[in-house]
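Student: I am sharing input17.txt, which consists of compact mmCIF, C-alpha atoms and all ligand atoms:
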# COMPACT_ATOMS: atom_id res chain seq x y z
CA MET S 140 0.00 0.00 0.00
CA TYR S 141 1.20 3.50 -0.82
CA THR S 142 -0.02 6.85 0.46
CA ILE S 143 -0.18 9.97 -1.67
CA GLN S 144 -0.72 13.54 -0.53
CA THR S 145 -2.23 16.06 -2.94
CA LEU S 146 -1.29 19.67 -2.20
CA ASN S 147 -3.48 21.14 -4.95
CA LYS S 148 -6.56 19.97 -6.76
CA ILE S 149 -5.36 17.25 -9.14
CA SER S 150 -7.54 16.01 -11.99
CA GLN S 151 -9.56 12.94 -11.01
CA SER S 152 -8.74 11.19 -14.29
CA GLY S 153 -5.12 11.13 -13.19
CA LEU S 154 -5.75 10.15 -9.57
CA ALA S 155 -7.97 7.26 -10.67
CA LEU S 156 -4.92 5.63 -12.27
CA PHE S 157 -3.38 4.99 -8.86
CA GLY S 158 -5.75 2.08 -8.27
CA ASP S 159 -6.52 0.06 -5.15
CA ASN S 160 -3.00 -0.06 -3.74
CA TYR S 161 -3.01 3.66 -3.08
CA THR S 162 -4.61 5.94 -0.51
CA ILE S 163 -4.98 9.60 -1.47
CA GLN S 164 -5.07 12.06 1.41
CA ASP S 165 -4.68 15.79 2.00
CA ASN S 166 -2.05 15.58 4.73
CA LEU S 167 1.58 14.49 4.85
CA GLU S 168 1.34 11.82 7.53
CA GLY S 169 3.02 8.68 6.25
CA ALA S 170 2.96 9.97 2.66
CA ASP S 171 5.14 8.13 0.14
CA ALA S 172 4.72 10.82 -2.50
CA VAL S 173 3.27 14.30 -2.97
CA LEU S 174 1.37 15.60 -6.00
CA VAL S 175 1.45 19.37 -6.40
CA ARG S 176 0.68 22.17 -8.84
CA SER S 177 1.61 25.72 -7.78
CA ALA S 178 1.52 25.38 -3.97
CA LYS S 179 4.74 26.72 -2.45
CA MET S 180 6.66 23.87 -0.83
CA HIS S 181 9.78 25.71 0.34
CA ASP S 182 8.56 25.99 3.95
CA ILE S 183 6.90 22.60 4.23
CA ALA S 184 8.75 20.07 6.41
CA LEU S 185 8.50 16.73 4.64
CA PRO S 186 8.45 13.51 6.66
CA SER S 187 11.16 10.91 5.94
CA THR S 188 8.51 8.66 4.35
CA VAL S 189 8.30 10.96 1.30
CA LYS S 190 10.19 9.47 -1.64
CA ALA S 191 8.89 11.52 -4.55
CA ILE S 192 7.20 14.78 -5.47
CA ALA S 193 5.45 15.18 -8.80
CA ARG S 194 4.65 18.66 -10.11
CA ALA S 195 1.61 18.28 -12.35
CA GLY S 196 2.87 21.04 -14.62
CA ALA S 197 6.11 22.55 -15.89
CA GLY S 198 7.56 25.14 -13.47
CA VAL S 199 9.29 23.76 -10.37
CA ASN S 200 10.34 27.03 -8.72
CA ASN S 201 7.77 26.31 -5.97
CA ILE S 202 9.71 23.19 -4.91
CA PRO S 203 13.11 23.10 -3.13
CA ILE S 204 14.59 20.70 -5.69
CA GLU S 205 18.20 20.86 -4.45
CA GLU S 206 17.22 20.15 -0.84
CA CYS S 207 15.01 17.33 -2.04
CA ALA S 208 17.93 15.84 -4.00
CA LYS S 209 20.06 15.94 -0.85
CA SER S 210 17.46 14.02 1.12
CA GLY S 211 16.81 11.50 -1.64
CA ILE S 212 13.43 12.82 -2.75
CA VAL S 213 13.03 12.53 -6.50
CA VAL S 214 11.16 15.51 -7.99
CA PHE S 215 9.29 15.07 -11.27
CA ASN S 216 7.45 17.45 -13.59
CA THR S 217 5.31 16.83 -16.66
CA PRO S 218 7.14 18.33 -19.65
CA GLY S 219 4.88 19.61 -22.40
CA ALA S 220 1.67 18.34 -20.80
CA ASN S 221 0.17 21.82 -20.46
CA ALA S 222 2.03 23.51 -23.34
CA ASN S 223 -0.92 23.71 -25.72
CA ALA S 224 -3.13 25.30 -23.07
CA VAL S 225 -0.51 27.98 -22.46
CA LYS S 226 0.10 28.49 -26.18
CA GLU S 227 -3.59 29.16 -26.79
CA LEU S 228 -3.74 31.75 -24.01
CA VAL S 229 -0.54 33.40 -25.26
CA LEU S 230 -2.15 33.77 -28.69
CA ALA S 231 -5.16 35.36 -26.98
CA GLY S 232 -2.71 37.57 -25.04
CA LEU S 233 -1.01 38.68 -28.26
CA LEU S 234 -4.34 39.82 -29.67
CA LEU S 235 -5.49 41.40 -26.40
CA SER S 236 -2.20 43.32 -26.13
CA SER S 237 -2.89 44.80 -29.57
CA ARG S 238 -6.62 45.29 -30.00
CA LYS S 239 -8.28 47.08 -27.09
CA VAL S 240 -10.81 44.30 -26.56
CA VAL S 241 -10.65 44.19 -22.75
CA GLU S 242 -10.90 47.97 -22.44
CA GLY S 243 -13.70 48.03 -25.03
CA ILE S 244 -15.70 45.30 -23.29
CA ASN S 245 -15.32 47.04 -19.94
CA TRP S 246 -16.56 50.29 -21.51
CA ALA S 247 -19.45 48.56 -23.30
CA LYS S 248 -20.63 47.17 -19.95
CA THR S 249 -21.22 50.74 -18.77
CA LEU S 250 -23.69 51.46 -21.59
CA ASP S 251 -27.41 50.99 -21.02
CA THR S 252 -29.37 53.40 -23.23
CA ASP S 253 -29.14 53.96 -26.96
CA VAL S 254 -26.37 51.36 -26.96
CA ALA S 255 -25.92 50.88 -30.72
CA LYS S 256 -25.46 54.61 -31.27
CA ALA S 257 -23.10 54.99 -28.29
CA VAL S 258 -20.98 52.09 -29.55
CA GLU S 259 -20.47 53.66 -32.97
CA LYS S 260 -19.68 57.02 -31.40
CA GLY S 261 -17.28 55.69 -28.78
CA LYS S 262 -15.44 52.86 -30.57
CA GLY S 263 -12.74 55.18 -31.88
CA ALA S 264 -11.16 55.11 -28.41
CA PHE S 265 -10.38 51.41 -28.79
CA VAL S 266 -8.37 51.20 -31.99
CA GLY S 267 -5.40 48.79 -31.91
CA PRO S 268 -3.01 47.41 -34.55
CA GLU S 269 -3.14 44.05 -36.32
CA ILE S 270 -0.45 41.46 -35.61
CA LEU S 271 -0.06 40.45 -39.27
CA GLY S 272 3.44 41.26 -40.51
CA LYS S 273 4.65 42.43 -37.07
CA LYS S 274 7.76 40.97 -35.50
CA LEU S 275 7.39 38.64 -32.51
CA GLY S 276 10.39 37.72 -30.37
CA VAL S 277 10.06 34.42 -28.51
CA ILE S 278 12.49 33.99 -25.65
CA GLY S 279 12.80 30.37 -24.57
CA LEU S 280 12.05 27.74 -27.22
CA GLY S 281 10.94 24.80 -25.12
CA ALA S 282 7.58 23.05 -25.15
CA ILE S 283 5.57 26.30 -25.01
CA GLY S 284 7.91 28.66 -26.89
CA VAL S 285 8.08 26.40 -29.95
CA MET S 286 4.29 26.09 -30.15
CA VAL S 287 3.84 29.85 -29.76
CA ALA S 288 6.50 30.61 -32.38
CA ASN S 289 4.98 28.21 -34.93
CA SER S 290 1.40 29.41 -34.36
CA ALA S 291 2.34 33.10 -34.51
CA GLN S 292 4.20 32.43 -37.75
CA ALA S 293 1.10 30.72 -39.13
CA LEU S 294 -0.92 33.82 -38.21
CA GLY S 295 1.36 35.89 -40.42
CA MET S 296 3.81 37.28 -37.88
CA GLU S 297 7.52 37.45 -38.53
CA VAL S 298 9.01 35.39 -35.70
CA ILE S 299 12.50 35.46 -34.22
CA GLY S 300 13.46 33.07 -31.43
CA HIS S 301 16.19 33.01 -28.83
CA ASP S 302 17.22 30.03 -26.71
CA PRO S 303 20.91 29.31 -26.07
CA TYR S 304 20.08 25.89 -24.60
CA ILE S 305 17.45 24.71 -27.10
CA SER S 306 16.99 20.93 -27.01
CA ILE S 307 17.34 18.84 -30.17
CA ASN S 308 13.69 17.80 -29.90
CA ALA S 309 12.51 21.39 -29.64
CA ALA S 310 14.68 22.40 -32.59
CA TRP S 311 13.14 19.60 -34.67
CA GLY S 312 9.67 20.94 -33.88
CA LEU S 313 10.41 24.57 -34.74
CA SER S 314 9.13 25.97 -38.04
CA ARG S 315 11.97 26.69 -40.46
CA HIS S 316 10.46 30.16 -40.90
CA VAL S 317 11.36 31.11 -37.32
CA ARG S 318 14.59 33.07 -37.46
CA HIS S 319 17.33 32.27 -34.95
CA ALA S 320 18.33 35.27 -32.83
CA VAL S 321 21.81 34.62 -31.46
CA SER S 322 21.44 37.09 -28.61
CA LEU S 323 18.72 38.36 -26.34
CA ASP S 324 19.71 41.91 -27.34
CA GLU S 325 18.83 41.15 -30.94
CA VAL S 326 15.28 40.24 -29.90
CA LEU S 327 14.98 43.25 -27.61
CA ALA S 328 16.09 45.65 -30.34
CA GLU S 329 13.92 44.28 -33.15
CA ALA S 330 10.68 42.90 -31.76
CA ASP S 331 7.29 44.65 -31.80
CA TYR S 332 6.00 41.94 -29.45
CA ILE S 333 8.05 39.88 -26.99
CA THR S 334 6.87 36.73 -25.24
CA VAL S 335 8.94 34.95 -22.60
CA HIS S 336 8.88 31.18 -22.01
CA VAL S 337 11.87 30.39 -19.79
CA PRO S 338 11.92 28.80 -16.32
CA LEU S 339 12.42 31.03 -13.29
CA VAL S 340 15.91 30.27 -11.98
CA GLU S 341 18.64 32.46 -10.51
CA ALA S 342 19.99 33.27 -14.01
CA THR S 343 16.63 34.37 -15.43
CA LYS S 344 15.29 36.30 -12.41
CA TYR S 345 14.64 39.92 -13.47
CA MET S 346 15.91 39.28 -17.00
CA PHE S 347 13.53 42.09 -17.95
CA ASN S 348 15.06 44.94 -15.98
CA LYS S 349 15.96 48.59 -16.62
CA GLU S 350 18.83 47.61 -18.91
CA ALA S 351 16.68 45.24 -20.98
CA PHE S 352 13.85 47.80 -21.29
CA SER S 353 16.35 50.44 -22.46
CA LYS S 354 17.22 48.18 -25.43
CA MET S 355 13.62 47.62 -26.53
CA LYS S 356 11.88 49.19 -29.47
CA PRO S 357 9.56 51.97 -28.16
CA GLY S 358 5.95 50.81 -28.21
CA VAL S 359 6.78 47.14 -27.65
CA ARG S 360 4.17 44.79 -26.20
CA LEU S 361 5.50 42.33 -23.63
CA LEU S 362 3.85 39.04 -22.64
CA ASN S 363 4.78 37.09 -19.53
CA PHE S 364 3.09 33.72 -19.15
CA SER S 365 6.12 32.28 -17.34
CA ARG S 366 6.70 33.73 -13.86
CA ASP S 367 6.25 37.07 -12.09
CA THR S 368 9.88 37.77 -11.14
CA LEU S 369 11.29 37.30 -14.62
CA VAL S 370 10.21 40.95 -14.91
CA HIS S 371 11.35 43.69 -12.53
CA ASN S 372 8.01 45.36 -11.91
CA GLY S 373 9.45 48.72 -10.77
CA ASP S 374 11.52 48.98 -13.97
CA LEU S 375 8.52 47.85 -16.03
CA LEU S 376 6.30 50.61 -14.61
CA LYS S 377 8.97 53.20 -15.55
CA ALA S 378 9.27 51.69 -19.05
CA ILE S 379 5.49 52.06 -19.42
CA GLU S 380 5.66 55.70 -18.25
CA GLU S 381 8.44 56.37 -20.75
CA GLY S 382 6.41 54.88 -23.60
CA ILE S 383 8.83 51.98 -24.16
CA VAL S 384 6.24 49.35 -23.23
CA THR S 385 2.74 49.94 -24.60
CA THR S 386 1.11 46.90 -23.04
CA TYR S 387 2.27 44.27 -20.56
CA VAL S 388 0.23 41.08 -20.36
CA THR S 389 0.96 38.95 -17.33
CA ASP S 390 -0.42 35.64 -16.09
CA PHE S 391 1.17 36.40 -12.69
CA PRO S 392 -0.39 39.53 -11.22
CA VAL S 393 0.99 41.03 -8.00
CA GLU S 394 0.01 44.21 -6.13
CA GLU S 395 2.55 46.45 -7.91
CA VAL S 396 1.05 45.93 -11.37
CA MET S 397 -2.63 46.15 -10.47
CA GLY S 398 -4.71 49.08 -11.70
CA ASN S 399 -2.28 50.20 -14.42
CA PRO S 400 -4.23 50.85 -17.64
CA ASN S 401 -1.36 49.47 -19.76
CA ILE S 402 -1.21 46.16 -17.90
CA LEU S 403 -3.53 43.23 -18.50
CA THR S 404 -3.62 40.92 -15.51
CA ILE S 405 -4.72 37.32 -16.06
CA PRO S 406 -5.13 35.23 -12.88
CA HIS S 407 -2.64 32.45 -13.75
CA LEU S 408 -4.95 30.71 -16.21
CA GLY S 409 -2.28 29.43 -18.61
CA ALA S 410 -2.71 25.76 -17.71
CA SER S 411 -6.32 25.95 -16.57
CA THR S 412 -8.07 23.84 -19.17
CA PRO S 413 -9.65 20.45 -18.48
CA GLU S 414 -7.41 18.92 -21.17
CA SER S 415 -4.20 20.25 -19.69
CA GLU S 416 -5.18 19.44 -16.11
CA GLU S 417 -5.90 15.88 -17.17
CA ASN S 418 -2.69 15.54 -19.23
CA CYS S 419 -0.56 16.80 -16.35
CA ALA S 420 -2.28 14.64 -13.73
CA VAL S 421 -2.03 11.48 -15.86
CA MET S 422 1.65 12.03 -16.56
CA ALA S 423 2.45 12.90 -12.93
CA VAL S 424 0.63 9.82 -11.60
CA GLN S 425 2.37 7.53 -14.11
CA GLU S 426 5.76 8.93 -13.10
CA VAL S 427 5.10 8.47 -9.38
CA LYS S 428 3.73 4.94 -9.80
CA ASP S 429 6.65 3.89 -11.98
CA TYR S 430 9.09 5.23 -9.42
CA LEU S 431 7.40 3.82 -6.31
CA GLU S 432 6.65 0.40 -7.83
CA ASN S 433 9.53 -0.15 -10.29
CA GLY S 434 12.16 2.35 -9.19
CA ASN S 435 12.24 3.88 -12.69
CA ILE S 436 12.96 7.60 -12.96
CA VAL S 437 11.43 9.43 -15.93
CA ASN S 438 11.13 13.24 -16.22
CA SER S 439 12.88 14.09 -12.98
CA VAL S 440 14.26 17.58 -12.49
CA ASN S 441 16.79 16.62 -9.80
CA TYR S 442 17.81 13.02 -10.54
CA PRO S 443 19.00 11.28 -13.70
CA GLU S 444 16.70 9.34 -15.97
CA CYS S 445 17.02 5.62 -15.15
CA ILE S 446 14.77 2.95 -16.60
CA MET S 447 15.37 -0.79 -16.37
CA ALA S 448 13.08 -3.70 -17.24
CA TRP S 449 12.72 -6.18 -14.36
CA ALA S 450 15.32 -8.96 -14.73
CA SER S 451 14.26 -10.78 -11.53
CA ASN S 452 11.70 -10.34 -8.74
CA CYS S 453 14.02 -8.47 -6.36
CA ARG S 454 15.34 -5.00 -7.00
CA LEU S 455 17.48 -2.61 -5.01
CA ALA S 456 16.92 1.08 -5.78
CA ILE S 457 19.76 3.10 -4.32
CA ILE S 458 20.11 6.88 -4.27
CA HIS S 459 23.64 8.00 -3.56
CA LYS S 460 26.24 10.67 -4.09
CA ASN S 461 28.01 10.68 -7.44
CA THR S 462 31.35 9.61 -6.07
CA PRO S 463 34.06 7.09 -7.13
CA ALA S 464 34.18 3.46 -5.97
CA ILE S 465 30.70 3.40 -4.45
CA LEU S 466 29.33 0.77 -6.85
CA GLY S 467 32.20 -1.61 -6.05
CA LYS S 468 31.41 -1.36 -2.34
CA ILE S 469 27.70 -2.02 -2.86
CA THR S 470 28.26 -5.01 -5.15
CA ALA S 471 30.91 -6.39 -2.77
CA ILE S 472 28.28 -6.51 0.02
CA ILE S 473 25.82 -8.31 -2.29
CA ALA S 474 28.49 -10.73 -3.52
CA GLY S 475 29.58 -11.36 0.07
CA GLU S 476 26.17 -12.89 0.64
CA GLY S 477 26.65 -15.13 -2.40
CA ILE S 478 23.88 -13.38 -4.33
CA ASN S 479 24.08 -13.06 -8.10
CA ILE S 480 23.32 -9.74 -9.82
CA ARG S 481 21.14 -10.26 -12.91
CA ASP S 482 21.07 -6.71 -14.21
CA MET S 483 22.17 -3.31 -13.11
CA SER S 484 21.88 0.32 -14.19
CA ASN S 485 23.73 3.30 -12.82
CA ARG S 486 23.13 6.90 -13.83
CA SER S 487 24.40 10.20 -12.50
CA ARG S 488 23.39 13.84 -12.65
CA GLY S 489 25.64 16.44 -11.05
CA ASP S 490 26.39 15.54 -7.44
CA PHE S 491 23.83 12.74 -7.31
CA ALA S 492 23.50 9.25 -8.75
CA TYR S 493 21.01 6.40 -8.85
CA THR S 494 21.54 2.67 -9.13
CA LEU S 495 19.09 -0.13 -9.82
CA ILE S 496 20.27 -3.67 -9.10
CA ASP S 497 18.19 -6.78 -9.85
CA THR S 498 19.34 -9.78 -7.83
CA ASP S 499 18.50 -13.50 -8.04
CA THR S 500 17.34 -13.58 -4.41
CA TYR S 501 16.56 -11.03 -1.69
CA VAL S 502 19.44 -9.21 -0.06
CA SER S 503 19.22 -9.80 3.71
CA GLU S 504 18.00 -7.15 6.17
CA ASP S 505 21.48 -6.93 7.68
CA ASN S 506 23.13 -6.28 4.36
CA LEU S 507 20.47 -3.74 3.35
CA LYS S 508 21.35 -1.92 6.59
CA ALA S 509 25.06 -2.23 5.78
CA ILE S 510 24.50 -0.59 2.38
CA GLU S 511 22.29 2.09 3.96
CA ASN S 512 25.01 2.90 6.50
CA MET S 513 27.75 3.29 3.90
CA GLU S 514 29.20 6.75 3.40
CA HIS S 515 27.54 8.68 0.48
CA ILE S 516 24.42 6.49 0.46
CA ILE S 517 21.24 8.61 0.70
CA LYS S 518 18.35 6.18 0.37
CA VAL S 519 17.94 2.43 -0.22
CA ARG S 520 14.71 0.70 -1.20
CA LEU S 521 14.04 -2.99 -1.71
CA LEU S 522 11.38 -3.46 -4.39
CA VAL S 523 9.51 -6.66 -5.06
CA LYS S 524 7.90 -7.44 -8.41
N1 LIG P 601 1.17 30.33 -17.14
C1 LIG P 601 1.12 29.05 -16.86
O1 LIG P 601 0.11 28.53 -16.39
C2 LIG P 601 2.31 28.20 -17.16
C3 LIG P 601 3.56 28.72 -17.07
N2 LIG P 601 4.65 27.95 -17.36
C4 LIG P 601 5.98 28.59 -17.26
O2 LIG P 601 6.59 28.51 -18.54
C5 LIG P 601 7.91 28.04 -18.41
C6 LIG P 601 8.32 27.32 -19.67
O3 LIG P 601 7.54 26.14 -19.82
P1 LIG P 601 7.91 25.03 -20.91
O4 LIG P 601 8.04 25.64 -22.25
O5 LIG P 601 6.96 23.92 -20.73
O6 LIG P 601 9.35 24.59 -20.39
P2 LIG P 601 10.56 23.96 -21.20
O7 LIG P 601 11.51 23.46 -20.18
O8 LIG P 601 10.06 23.02 -22.24
O9 LIG P 601 11.22 25.22 -21.96
C7 LIG P 601 11.97 26.20 -21.33
C8 LIG P 601 13.00 26.68 -22.35
O10 LIG P 601 13.65 27.84 -21.83
C9 LIG P 601 15.00 27.79 -22.29
N3 LIG P 601 15.82 28.70 -21.51
C10 LIG P 601 16.32 28.54 -20.26
N4 LIG P 601 17.01 29.64 -19.90
C11 LIG P 601 16.95 30.50 -20.96
C12 LIG P 601 17.47 31.80 -21.19
N5 LIG P 601 18.20 32.44 -20.27
N6 LIG P 601 17.22 32.40 -22.38
C13 LIG P 601 16.48 31.77 -23.33
N7 LIG P 601 15.98 30.52 -23.16
C14 LIG P 601 16.20 29.91 -21.99
C15 LIG P 601 15.38 26.31 -22.15
O11 LIG P 601 16.50 26.00 -22.95
C16 LIG P 601 14.11 25.63 -22.62
O12 LIG P 601 14.18 25.35 -24.01
C17 LIG P 601 7.88 27.14 -17.16
O13 LIG P 601 9.14 27.04 -16.56
C18 LIG P 601 6.88 27.86 -16.27
O14 LIG P 601 7.55 28.80 -15.46
C19 LIG P 601 4.53 26.66 -17.77
C20 LIG P 601 3.30 26.08 -17.86
C21 LIG P 601 2.08 26.79 -17.49
O1 LIG P 602 2.96 24.35 -15.13
C1 LIG P 602 3.27 25.48 -14.73
O2 LIG P 602 4.44 25.89 -14.64
C2 LIG P 602 2.21 26.43 -14.34
O3 LIG P 602 2.47 27.57 -14.07
C3 LIG P 602 0.82 25.93 -14.23
O4 LIG P 602 0.44 26.13 -12.91
P1 LIG P 602 -0.93 25.46 -12.33
O5 LIG P 602 -0.72 23.99 -12.43
O6 LIG P 602 -2.03 25.95 -13.20
O7 LIG P 602 -1.03 25.96 -10.93
Give the structure from this file in C-alpha cells form.
Tutor:
Amino acid sequence: MYTIQTLNKISQSGLALFGDNYTIQDNLEGADAVLVRSAKMHDIALPSTVKAIARAGAGVNNIPIEECAKSGIVVFNTPGANANAVKELVLAGLLLSSRKVVEGINWAKTLDTDVAKAVEKGKGAFVGPEILGKKLGVIGLGAIGVMVANSAQALGMEVIGHDPYISINAAWGLSRHVRHAVSLDEVLAEADYITVHVPLVEATKYMFNKEAFSKMKPGVRLLNFSRDTLVHNGDLLKAIEEGIVTTYVTDFPVEEVMGNPNILTIPHLGASTPESEENCAVMAVQEVKDYLENGNIVNSVNYPECIMAWASNCRLAIIHKNTPAILGKITAIIAGEGINIRDMSNRSRGDFAYTLIDTDTYVSEDNLKAIENMEHIIKVRLLVK
C-alpha cells in the first residue's frame, strides 16, 4: 500500500490511475509521495517517508529541488503536458495586447441606453493594430515557446526566437520560418511583441530589468506567461511611463502591477483547461507509480533518468552521491552474501546518482542496513515485483 498527498486539486482522471493499492489524502502523515501544482513547498517540512514529489505542470520554482535531491526525494514534472493550453492563451494575449478588446468590453458594460449609437460614437477610443506582418520575439524555445513561435508564424507574424540551450527535440519541432536570434539583445532591439517562455531560476530572475527595457523598441508589447519575477516590476512601470512598453500582459499579477491601464492581468490561467489538467495529472501519476513500484525515474528535475526492465523479482533502488568506488562497495556486500546480480543500471546527474540492481534472491536485512550505513548512500529501497 502506498499513500499519496495532494497539495493542490489534481484532476480525477489522473488520480484514478493509482488504483486500489493507493490511498490519497490531504495531509503528509506517512505519505510516500506528494502531488502538487503551484503550492509553495519551500517551507513545508517533509516527513522521511516521502520518496517523490510530482509537479503536475512545468515550473518547479515552488519546490526546493536541491534540498530534495540531498534528502533522496526525486522531484518530477510533466514536460509539455500543459504547453498547448498555455500556447492558446498566449495567442489570446497577443491579440489582447494589440486590439483594445478588454478595455472596449469594460466600456461597453457601462452602456445601457441607446447602446448601438453609443458604440459607434465611442469605438474610436479602442483602436489597436493588427499582428499580421509584425515581429514577434520568442524567448525560450521549449515546449511552449516552440508552439507559440509556430502558431504566430502561421498567423502571419515574422518570428525570431532566442534560446541558447534549445533541445534537439525542440529544434526539430520549430518551423523553419522562425529566425534564430543569437542574442537576447537582438530580440529586444527588433521585436514589436516579446513573449517569454523560460523557467524562473537564478539566471533568469529579473531578465527584464531597466537595462533590458532600455534596449527595446519603443511601443513594444511584452507578454509574460512564465513567472512574475522574470520581470522587474518597478523597472517595467517606468518603461510604461516612458512609452517603451505599450502593453504588458501577465499571467502572474501582483500588487505592484494592479490598476495600471497598460497592464492586462490574467489570474494564472495558462494551464487551466480540463485537457491540460488531465494531461498533467495522468503524466504525474504515471511517473510516481513507476518510481514507487519499479524504481524507474522518468522526467525528474533533480535526478537522472534511469529505466530498467525487471530482470528478476528483487530490485534494489539506491540513491547516492556521485562519487568514485561506491558501486564496487555495494556489489561487494551483495556478492559477500553469495547473491548473483542479474542486471544493473547506474546513472548520474551532477552531485547525485542512482543505481538499480536486480538480484537473483533477496538481499538480507542486515546487508540492506550495511549498504544504507555506507558513506555517500542517501536512500535504499528494496522493491519486489
Ligand atoms: N502560465 C502558466 O500557467 C504556465 C507557465 N509555465 C511557465 O513557462 C515556463 C516554460 O515552460 P515550458 O516551455 O513547458 O518549459 P521547457 O523546459 O520546455 O522550456 C523552457 C526553455 O527555456 C529555455 N531557456 C532557459 N534559460 C533560458 C534563457 N536564459 N534564455 C532563453 N531561453 C532559456 C530552455 O533552454 C528551454 O528550451 C515554465 O518554466 C513555467 O515557469 C509553464 C506552464 C504553465
Ligand atoms: O505548469 C506550470 O508551470 C504552471 O504555471 C501551471 O500552474 P498550475 O498547475 O495551473 O497551478
Student: Expressed in Å to a single decimal, how great is the separation between atom CA of Ala464 of chain S and atom CA of His515 of chain S?
Tutor: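 Between atom CA of Ala464 of chain S and atom CA of His515 of chain S the gap works out to 10.6 Å.
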Student: Find the residues around segment 336-353 of chain S up to 10 Å (only C-alpha atoms counted), leave out those fewer than 2 positions away in its own chain, and share them as a ChimeraX atom specification.
Tutor: /S:197-201,225,277-285,287,302,323-324,327-328,334,355-357,359,361-375,377-379,383-384
Student: Around ligand LIG 602 (chain P), at most 6 Å away and counting all atoms listed in the file, which residues are there? Put them as a ChimeraX atom specification, please.
Tutor: /S:176-177,196-198,410-411
Student: Would you kindly return, as an MDAnalysis selection string, each protein, DNA or RNA residue with an atom no farther than 7 Å from any atom of Asn438 of chain S, considering all atoms listed in the file and excluding same-chain residues fewer than 3 positions away?
Tutor: chainID S and resid 215:217 444
Student: What does the structure give for the distance between atom CA of Leu228 of chain S and atom CA of Leu294 of chain S, in Å to one decimal?
Tutor: 14.6 Å
Student: In Å, how far is it from atom CA of Glu416 of chain S to atom CA of Ser150 of chain S?
Tutor: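 According to the coordinates, atom CA of Glu416 of chain S and atom CA of Ser150 of chain S are separated by 5.9 Å.
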Student: Closest to Ile517 of chain S among S:Glu426, S:Asn401, S:Thr462, S:Ser210, using all atoms listed in the file?
Tutor: S:Ser210
Student: Find the residues near Ile270 of chain S: any atom within 10 Å, counting all atoms listed in the file, skip ones fewer than 2 places away on the same chain, and give them as a list in words.
Tutor: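 Skipping anything fewer than 2 positions along the chain leaves Leu233, Leu234, Ser236, Ser237, Arg238, Gly267, Pro268, Gly272, Lys273, Lys274, Leu275, Ala291, Leu294, Gly295, Met296, Glu297, Asp331 and Tyr332 of chain S.
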Student: Quick one: everything within 12 Å of Ile183 of chain S, counting all atoms listed in the file, minus sequence neighbours fewer than 3 positions away in the same chain. Send it as number ranges by chain.
Tutor: S: 146, 166-167, 173, 178-180, 186, 201-203, 206-207
Student: So that I can see what lies close to Ala224 of chain S, please list as number ranges by chain the residues with an atom at most 7 Å from it, counting all atoms listed in the file and leaving out residues fewer than 6 positions away in the same chain.
Tutor: S: 409-410, 412, 415
Student: From the set S:Asp253, S:Asp429, S:Asp390, S:Asp497, which residue has the shortest atom-to-atom contact distance to ligand LIG 601 (chain P), counting all atoms listed in the file?
Tutor: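 Result for the nearest residue to ligand LIG 601 (chain P): S:Asp390.
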